[in-house]
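Colleague: input_17.txt (compact mmCIF, C-alpha atoms) pasted underneath:
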```txt
# COMPACT_ATOMS: atom_id res chain seq x y z
CA MET M 1 77.33 104.03 106.42
CA SER M 2 78.87 104.62 103.00
CA MET M 3 82.37 106.02 102.72
CA LYS M 4 81.12 109.29 101.19
CA LYS M 5 78.59 109.89 103.96
CA GLY M 6 81.08 108.74 106.62
CA LEU M 7 83.76 111.15 105.43
CA LYS M 8 81.30 114.03 105.67
CA GLN M 9 80.33 112.99 109.20
CA PHE M 10 83.70 111.86 110.60
CA GLY M 11 86.16 114.05 108.63
CA ASN M 12 89.82 113.27 109.40
CA GLY M 13 88.83 110.35 111.64
CA GLY M 14 87.14 108.74 108.64
CA ILE M 15 90.18 109.32 106.43
CA GLU M 16 92.42 107.67 109.04
CA ALA M 17 90.05 104.69 109.37
CA ILE M 18 90.09 104.17 105.59
CA ARG M 19 93.88 104.50 105.51
CA THR M 20 94.21 101.90 108.28
CA GLU M 21 91.91 99.43 106.50
CA LEU M 22 93.69 99.81 103.17
CA GLN M 23 97.11 99.61 104.85
CA GLN M 24 96.10 96.28 106.39
CA ILE M 25 95.20 94.93 102.95
CA HIS M 26 98.50 96.19 101.56
CA ASP M 27 100.63 94.85 104.44
CA ARG M 28 99.11 91.38 104.13
CA ASP M 29 99.58 91.23 100.34
CA VAL M 30 95.88 90.48 99.88
CA VAL M 31 95.77 91.86 96.35
CA ILE M 32 98.32 92.30 93.61
CA PRO M 33 98.02 95.70 91.91
CA VAL M 34 97.54 95.59 88.15
CA HIS M 35 97.39 98.62 85.88
CA LYS M 36 94.04 98.76 84.09
CA HIS M 37 95.74 99.35 80.72
CA SER M 38 97.33 95.89 80.99
CA LEU M 39 93.90 94.20 81.12
CA SER M 40 91.84 93.06 78.17
CA ARG M 41 88.29 94.32 77.68
CA THR M 42 86.94 90.98 78.97
CA GLU M 43 89.11 91.20 82.08
CA LEU M 44 88.06 94.81 82.70
CA LEU M 45 84.42 93.73 82.65
CA LYS M 46 85.20 91.15 85.36
CA VAL M 47 86.92 93.62 87.71
CA LEU M 48 85.16 93.66 91.09
CA ASN M 49 84.37 96.89 92.91
CA TYR M 50 85.71 97.43 96.42
CA LEU M 51 83.18 99.01 98.77
CA MET M 52 84.23 100.91 101.89
CA PHE M 53 82.02 101.63 104.88
CA LEU M 54 82.63 103.64 108.04
CA LYS M 55 81.17 103.13 111.48
CA ARG M 56 81.62 104.70 114.90
CA LYS M 57 82.21 101.93 117.43
CA ARG M 58 80.65 102.02 120.91
CA ARG M 59 83.83 103.39 122.45
CA GLY M 60 84.00 106.21 119.90
CA ARG M 61 86.63 104.82 117.53
CA ILE M 62 85.94 105.19 113.79
CA LYS M 63 86.25 101.84 112.00
CA GLY M 64 86.69 101.35 108.28
CA ARG M 65 85.35 98.15 106.78
CA GLY M 66 85.90 97.14 103.18
CA CYS M 67 84.38 94.40 101.08
CA VAL M 68 84.23 93.37 97.47
CA ASN M 69 80.96 93.61 95.59
CA GLY M 70 80.84 90.09 94.14
CA ARG M 71 77.69 90.46 92.01
CA LYS M 72 79.69 90.35 88.78
CA GLN M 73 81.14 86.98 89.84
CA ARG M 74 77.74 85.32 89.90
CA ILE M 75 77.66 85.22 86.12
CA TYR M 76 80.81 83.13 85.67
CA THR M 77 81.61 81.63 89.10
CA LYS M 78 79.95 78.69 90.82
CA ARG M 79 78.43 79.65 94.15
CA ALA M 80 80.52 77.07 96.01
CA ASP M 81 83.73 78.58 94.60
CA ALA M 82 82.81 82.14 95.63
CA ALA M 83 81.40 81.47 99.11
CA ALA M 84 83.49 81.86 102.24
CA PRO M 85 82.92 79.05 104.74
CA THR M 86 81.18 80.38 107.84
CA VAL M 87 80.27 78.48 110.98
CA SER M 88 76.54 78.29 111.69
CA THR M 89 75.10 79.83 114.83
CA GLU M 90 73.65 76.44 115.76
CA ALA M 91 77.09 74.82 115.61
CA VAL M 92 78.59 77.48 117.89
CA LEU M 93 75.75 77.10 120.41
CA LEU M 94 75.95 73.30 120.32
CA THR M 95 79.71 73.11 120.85
CA SER M 96 79.50 75.82 123.55
CA THR M 97 76.86 73.79 125.39
CA ILE M 98 78.96 70.62 125.19
CA ASP M 99 82.08 72.51 126.36
CA ALA M 100 80.18 73.96 129.33
CA LYS M 101 78.70 70.59 130.26
CA GLU M 102 82.14 68.95 130.15
CA GLY M 103 83.75 71.82 132.11
CA ARG M 104 86.24 72.62 129.34
CA ASP M 105 88.36 75.75 129.25
CA VAL M 106 87.35 77.94 126.31
CA ALA M 107 89.08 80.94 124.78
CA THR M 108 88.14 83.27 121.95
CA VAL M 109 90.56 85.06 119.66
CA ASP M 110 90.35 87.80 117.08
CA LEU M 111 92.57 87.33 114.06
CA PRO M 112 92.95 90.78 112.50
CA GLY M 113 92.32 90.64 108.79
CA ALA M 114 91.44 86.94 108.86
CA ASP M 115 88.64 87.64 106.41
CA HIS M 116 91.26 88.85 103.93
CA GLY M 117 92.28 85.24 103.47
CA LYS M 118 96.03 85.76 103.58
CA TRP M 119 96.83 86.48 107.23
CA ASN M 120 98.96 83.33 107.45
CA THR M 121 101.82 82.99 104.97
CA ASN M 122 101.35 79.21 105.03
CA HIS M 123 97.74 79.60 103.96
CA ILE M 124 97.30 78.87 100.25
CA ARG M 125 94.06 79.91 98.61
CA PRO M 126 92.72 77.63 95.87
CA THR M 127 92.70 79.14 92.37
```
Could you rewrite the structure in this file as structure tokens?

Modeller:
Amino acid sequence: MSMKKGLKQFGNGGIEAIRTELQQIHDRDVVIPVHKHSLSRTELLKVLNYLMFLKRKRRGRIKGRGCVNGRKQRIYTKRADAAAPTVSTEAVLLTSTIDAKEGRDVATVDLPGADHGKWNTNHIRPT
């Protein structure tokens, strides 16, 4: 649900979830703050909006989830340059089947903030 609706429903739990999500972005140096007065009119028109959503997880925890609204990018950015590579469901199922058939040990991991693109200091994003 939207941040506004989530804050009405979850109150302080929603505020804490938003704070946690934004703190994660800050701690991982995902963005570099820039004062809007230092941007040209053209740059201001290209600024992307950050959307925040709140959700109650199955175990009751309130989770904040943020994403950038990339619609403005479509005008001046090639689709290939703006898309994040994602594995297809078919590829996961195929490799899982092969792993099971070959009796391989398999593990899954969750990399917190991996979608922020800067969770590893050795990771360099193309510009």

Colleague: Which of these residues is nearest to M:Leu44, using only C-alpha atoms: M:Phe10, M:Ile18, M:Ser96, M:Lys72?

Modeller: M:Lys72

Colleague: For a quick check of understanding, using all atoms listed in the file, which of M:Leu7, M:Leu22, M:Ala17, M:Val47 has the smallest distance to M:Gly64?

Modeller: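 Once distances to M:Gly64 are computed over all atoms listed in the file, the minimum belongs to M:Ala17.
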
Colleague: Smallest atom-to-atom distance to M:Gly60: which of M:Gln24, M:Lys5, M:Gly13, M:Ala80, using only C-alpha atoms?

Modeller: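 Among the listed residues, the smallest separation from M:Gly60 belongs to M:Gly13.
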
Colleague: So that I can see what lies close to M:Val106, please list as a PyMOL selection string the residues with an atom at most 12 Å from it, counting all atoms listed in the file and leaving out residues fewer than 6 positions away in the same chain.

Modeller: chain M and resi 95-100

Colleague: What's the separation between atom CA of M:Ser2 and atom CA of M:Met52, in Å to one decimal place?

Modeller: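 Atom CA of M:Met52 lies 6.6 Å from atom CA of M:Ser2.
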
Colleague: Quick one: everything within 8 Å of M:Gly70, counting all atoms listed in the file, minus sequence neighbours fewer than 3 positions away in the same chain. Send it as a PyMOL selection string.

Modeller: chain M and resi 48-49+73-74

Colleague: What's the separation between atom CA of M:Thr42 and atom CA of M:Lys78, in Å to one decimal place?

Modeller: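 Interatomic distance, atom CA of M:Thr42 to atom CA of M:Lys78: 18.4 Å.
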
Colleague: Which is closest to M:Gln9 among M:Arg104, M:Arg71, M:Arg56, M:Arg28, if we use only C-alpha atoms?

Modeller: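 For M:Gln9, the nearest of the given residues is M:Arg56.
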
Colleague: Centre and edge lengths of an axis-aligned box around all listed atoms of stretch 90-104 of chain M, with 3 Å added on each side, are to be given in Å to one decimal, as AutoDock Vina command-line options.

Modeller:
```
--center_x 79.9 --center_y 73.2 --center_z 123.9 --size_x 18.6 --size_y 14.5 --size_z 22.5
```

Colleague: Kindly extract all protein, DNA and RNA residues lying within 7 Å of the coordinates (80.0, 104.3, 104.9) given in the file, considering all atoms listed in the file, and supply them as a list in words.

Modeller: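 Checked against the point, the hits come out as Met1, Ser2, Met3, Lys4, Lys5, Gly6, Met52, Phe53, Leu54 and Lys55 of chain M.
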